[in-house]
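Step one of this worksheet: look at the structure below.
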Amino acid sequence: FRVRTAIAAVCTTRFSIVFMSLRAFKGEGGLISHEAARKKGLLHQCDTYEEVAAFIKHRPTIFFSHEWLARDHPDPDGRQYRLMVDSSRHLCDLAGKTEDEFFVWVDYSSIPQKNTHMQRMSISTLGVYASLCSYFVVVAPECQHSDTRAKCDAQSYRRRGWCRLEQWGHLTSSGTDKMFVIESLGNLQPISNHSAWVDDSIRVFEGDFTRDDDKWQLVDVVLGLWSQTLV
């Protein structure tokens, strides 16, 4: 029963998936919270898996995956945001699409920040979100965490358990063909050039988690994602 439930969960959204148009994203000049974006009317919300599937059928979407660089804001100096904008420009060229046709998913804007109950429901669906988006971009410039002063870069990103889950979610549904990593401006690289990234992402439970009990929440999610590789 648990296995069947886990497999079904891969095609279920426990919380709505929320996108922002690339034009609106670029117009903000930095990452803004879900609540601020909602108040401005910038968010497009899909409530069911079927709605998401219909939405992305004709609209390319980018899932931005990154570490937070401060406790209260993911990107206080805008370094990651600038790389997101830069990478989106390259993806528009690659797809032969305009920024009006692209939509983006990024955690700070797409996941509720104030209501912790809705936030946890959304986080529990991260693997599904990542599996549905057309493109997956790891944003990992060399930075210093504003609060802990720890070094944040591609290596620290690869160690994060939640980041591994996001990568694994996209890998199981779409492979590495549309997965990229950007560490500096003008340097968007296919993730397939870095075999170690793929190896790390599979080992979700060996990654670093701020709360160890988060691993228990991910057992069914990872089980369901593994089923995708066997289809």
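Ligands are numbered from 1 in the order shown, residues from 1 within each chain, and chains are lettered A, B, ... in the order they appear in the structure tokens.
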
Counting only C-alpha atoms, which residues of range 96-145 of chain A fall within 12 Å of range 42-49 of chain A, and what is the closest atom pair for each with its distance in Å at one decimal, ordered by chain and rising number, as a tab-separated table?
residue	atom	partner	partner_atom	distance
A:Phe103	CA	A:His44	CA	9.0
A:Val104	CA	A:Leu43	CA	10.0
A:Trp105	CA	A:Leu43	CA	10.0
A:Val106	CA	A:Leu43	CA	11.4
A:Ser109	CA	A:Leu43	CA	8.4
A:Ser110	CA	A:Leu43	CA	8.0
A:Ile111	CA	A:Leu43	CA	10.9
A:Pro112	CA	A:Leu43	CA	11.8
A:Ser122	CA	A:Asp47	CA	11.5
A:Thr125	CA	A:Tyr49	CA	11.0
A:Val128	CA	A:Tyr49	CA	9.0
A:Tyr129	CA	A:Tyr49	CA	9.6
A:Ser131	CA	A:Tyr49	CA	11.4
A:Leu132	CA	A:Tyr49	CA	9.1

For the selection you just gave me, I'd like the residues written to a file as a PDB file, in the first residue's frame, keeping N, CA and C atoms.
ATOM      1  N   PHE A 103       8.420  31.024 -18.292  1.00  0.00           N
ATOM      2  CA  PHE A 103       8.007  31.208 -16.905  1.00  0.00           C
ATOM      3  C   PHE A 103       9.054  30.580 -15.996  1.00  0.00           C
ATOM      4  N   VAL A 104       9.170  31.111 -14.781  1.00  0.00           N
ATOM      5  CA  VAL A 104      10.193  30.611 -13.861  1.00  0.00           C
ATOM      6  C   VAL A 104       9.565  30.148 -12.556  1.00  0.00           C
ATOM      7  N   TRP A 105      10.227  29.190 -11.928  1.00  0.00           N
ATOM      8  CA  TRP A 105       9.904  28.746 -10.573  1.00  0.00           C
ATOM      9  C   TRP A 105      11.157  28.971  -9.731  1.00  0.00           C
ATOM     10  N   VAL A 106      11.015  29.719  -8.649  1.00  0.00           N
ATOM     11  CA  VAL A 106      12.112  29.908  -7.696  1.00  0.00           C
ATOM     12  C   VAL A 106      11.499  29.930  -6.302  1.00  0.00           C
ATOM     13  N   SER A 109       9.810  32.996  -4.278  1.00  0.00           N
ATOM     14  CA  SER A 109       8.594  33.564  -4.864  1.00  0.00           C
ATOM     15  C   SER A 109       7.486  32.538  -5.033  1.00  0.00           C
ATOM     16  N   SER A 110       7.851  31.277  -5.197  1.00  0.00           N
ATOM     17  CA  SER A 110       6.865  30.244  -5.525  1.00  0.00           C
ATOM     18  C   SER A 110       6.344  29.481  -4.311  1.00  0.00           C
ATOM     19  N   ILE A 111       7.046  29.566  -3.194  1.00  0.00           N
ATOM     20  CA  ILE A 111       6.642  28.872  -1.968  1.00  0.00           C
ATOM     21  C   ILE A 111       6.214  29.899  -0.920  1.00  0.00           C
ATOM     22  N   PRO A 112       5.061  29.708  -0.267  1.00  0.00           N
ATOM     23  CA  PRO A 112       4.644  30.635   0.790  1.00  0.00           C
ATOM     24  C   PRO A 112       5.727  30.778   1.858  1.00  0.00           C
ATOM     25  N   SER A 122       4.014  22.818   0.442  1.00  0.00           N
ATOM     26  CA  SER A 122       4.697  23.138  -0.808  1.00  0.00           C
ATOM     27  C   SER A 122       6.060  22.466  -0.872  1.00  0.00           C
ATOM     28  N   THR A 125       6.290  18.933  -1.888  1.00  0.00           N
ATOM     29  CA  THR A 125       6.027  18.662  -3.308  1.00  0.00           C
ATOM     30  C   THR A 125       7.186  19.113  -4.194  1.00  0.00           C
ATOM     31  N   VAL A 128       8.149  16.924  -7.137  1.00  0.00           N
ATOM     32  CA  VAL A 128       7.183  16.977  -8.236  1.00  0.00           C
ATOM     33  C   VAL A 128       7.377  18.263  -9.035  1.00  0.00           C
ATOM     34  N   TYR A 129       7.537  19.384  -8.332  1.00  0.00           N
ATOM     35  CA  TYR A 129       7.766  20.655  -9.025  1.00  0.00           C
ATOM     36  C   TYR A 129       8.953  20.541  -9.973  1.00  0.00           C
ATOM     37  N   SER A 131      10.334  17.955 -11.249  1.00  0.00           N
ATOM     38  CA  SER A 131      10.161  16.980 -12.331  1.00  0.00           C
ATOM     39  C   SER A 131       9.342  17.546 -13.487  1.00  0.00           C
ATOM     40  N   LEU A 132       8.516  18.553 -13.203  1.00  0.00           N
ATOM     41  CA  LEU A 132       7.608  19.072 -14.213  1.00  0.00           C
ATOM     42  C   LEU A 132       8.204  20.186 -15.076  1.00  0.00           C
TER      43      LEU A 132
END

Open item on the list: Just want the 10 Å neighbourhood of range 24-37 of chain A, counted on only C-alpha atoms, with same-chain residues fewer than 3 positions away dropped. Output as a PyMOL selection string.
Closed with: chain A and resi 18-21+40-43+73-82+84-86+88+99-100+103-115

TODO: Identify which of the residues A:Gly224, A:Gly161, A:Pro190, A:Gly96 lies closest to Asp212 in chain A, counting only C-alpha atoms when measuring atom-to-atom distances.
DONE: A:Gly161

TODO: From a DSSP pass on the backbone, collect the residues of range 32-67 of chain A flagged as alpha helix (DSSP H) and hand them back as a count of residues only.
DONE: 15

- [ ] To one decimal in Å, tell me the separation between CA of Leu94 in chain A and CA of Ser65 in chain A.
- [x] 19.5 Å

Task: Residue contacts of Leu171 in chain A (12 Å, only C-alpha atoms) excluding same-chain residues fewer than 2 positions away, as an NGL selection string - done: :A and (127-128 or 130-136 or 164-169 or 173-180 or 191-192 or 197-202 or 222 or 225-226 or 228-229)

Please, could you write that set of residues out with C-alpha atoms as a PDB file, in the first residue's frame?
ATOM      1  CA  GLY A 127      10.360  16.754  -6.162  1.00  0.00           C
ATOM      2  CA  VAL A 128       7.183  16.977  -8.236  1.00  0.00           C
ATOM      3  CA  ALA A 130      11.296  19.939 -10.240  1.00  0.00           C
ATOM      4  CA  SER A 131      10.161  16.980 -12.331  1.00  0.00           C
ATOM      5  CA  LEU A 132       7.608  19.072 -14.213  1.00  0.00           C
ATOM      6  CA  CYS A 133       9.680  22.077 -15.281  1.00  0.00           C
ATOM      7  CA  SER A 134      11.218  22.139 -18.766  1.00  0.00           C
ATOM      8  CA  TYR A 135      14.647  23.358 -17.657  1.00  0.00           C
ATOM      9  CA  PHE A 136      16.551  22.923 -14.410  1.00  0.00           C
ATOM     10  CA  ARG A 164      19.875  16.775  -4.215  1.00  0.00           C
ATOM     11  CA  LEU A 165      16.159  16.013  -4.047  1.00  0.00           C
ATOM     12  CA  GLU A 166      15.368  18.788  -6.539  1.00  0.00           C
ATOM     13  CA  GLN A 167      17.991  17.503  -8.964  1.00  0.00           C
ATOM     14  CA  TRP A 168      16.810  13.917  -8.569  1.00  0.00           C
ATOM     15  CA  GLY A 169      13.224  14.996  -9.214  1.00  0.00           C
ATOM     16  CA  SER A 173      11.484  12.538 -15.389  1.00  0.00           C
ATOM     17  CA  SER A 174      13.654  14.248 -17.987  1.00  0.00           C
ATOM     18  CA  GLY A 175      17.261  13.108 -17.661  1.00  0.00           C
ATOM     19  CA  THR A 176      20.124  15.596 -17.914  1.00  0.00           C
ATOM     20  CA  ASP A 177      19.441  17.034 -21.378  1.00  0.00           C
ATOM     21  CA  LYS A 178      17.958  20.286 -20.031  1.00  0.00           C
ATOM     22  CA  MET A 179      19.862  20.551 -16.765  1.00  0.00           C
ATOM     23  CA  PHE A 180      22.465  23.277 -16.349  1.00  0.00           C
ATOM     24  CA  ILE A 191      25.215  19.476 -15.952  1.00  0.00           C
ATOM     25  CA  SER A 192      26.017  16.392 -18.026  1.00  0.00           C
ATOM     26  CA  TRP A 197      26.614  15.998  -9.904  1.00  0.00           C
ATOM     27  CA  VAL A 198      24.410  13.157 -11.101  1.00  0.00           C
ATOM     28  CA  ASP A 199      26.027  10.672  -8.733  1.00  0.00           C
ATOM     29  CA  ASP A 200      25.508  12.992  -5.770  1.00  0.00           C
ATOM     30  CA  SER A 201      21.878  13.753  -6.573  1.00  0.00           C
ATOM     31  CA  ILE A 202      20.926  10.082  -6.421  1.00  0.00           C
ATOM     32  CA  VAL A 222      12.245   9.505  -3.107  1.00  0.00           C
ATOM     33  CA  LEU A 225      10.793   9.254  -7.876  1.00  0.00           C
ATOM     34  CA  TRP A 226      12.729   5.990  -8.101  1.00  0.00           C
ATOM     35  CA  GLN A 228       9.860   6.964 -12.443  1.00  0.00           C
ATOM     36  CA  THR A 229      13.212   5.533 -13.478  1.00  0.00           C
TER      37      THR A 229
END

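For the set A:Gln119, A:Ser124, A:Asn187, A:Thr61, the residue with the smallest atom-to-atom gap to Ala95 in chain A is A:Thr61, counting only C-alpha atoms.
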
- [ ] Run DSSP on the backbone of this structure and report the residues of range 62-126 of chain A it assigns to strand (DSSP E), as a list in words.
- [x] Ile62, Phe63, Phe64, Ser65, His66, Phe103, Val104, Trp105 and Val106 of chain A

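Minimum distance to Leu126 in chain A across A:Val219, A:Ala53, A:Leu188, A:Cys163 (counting only C-alpha atoms) occurs at A:Cys163.
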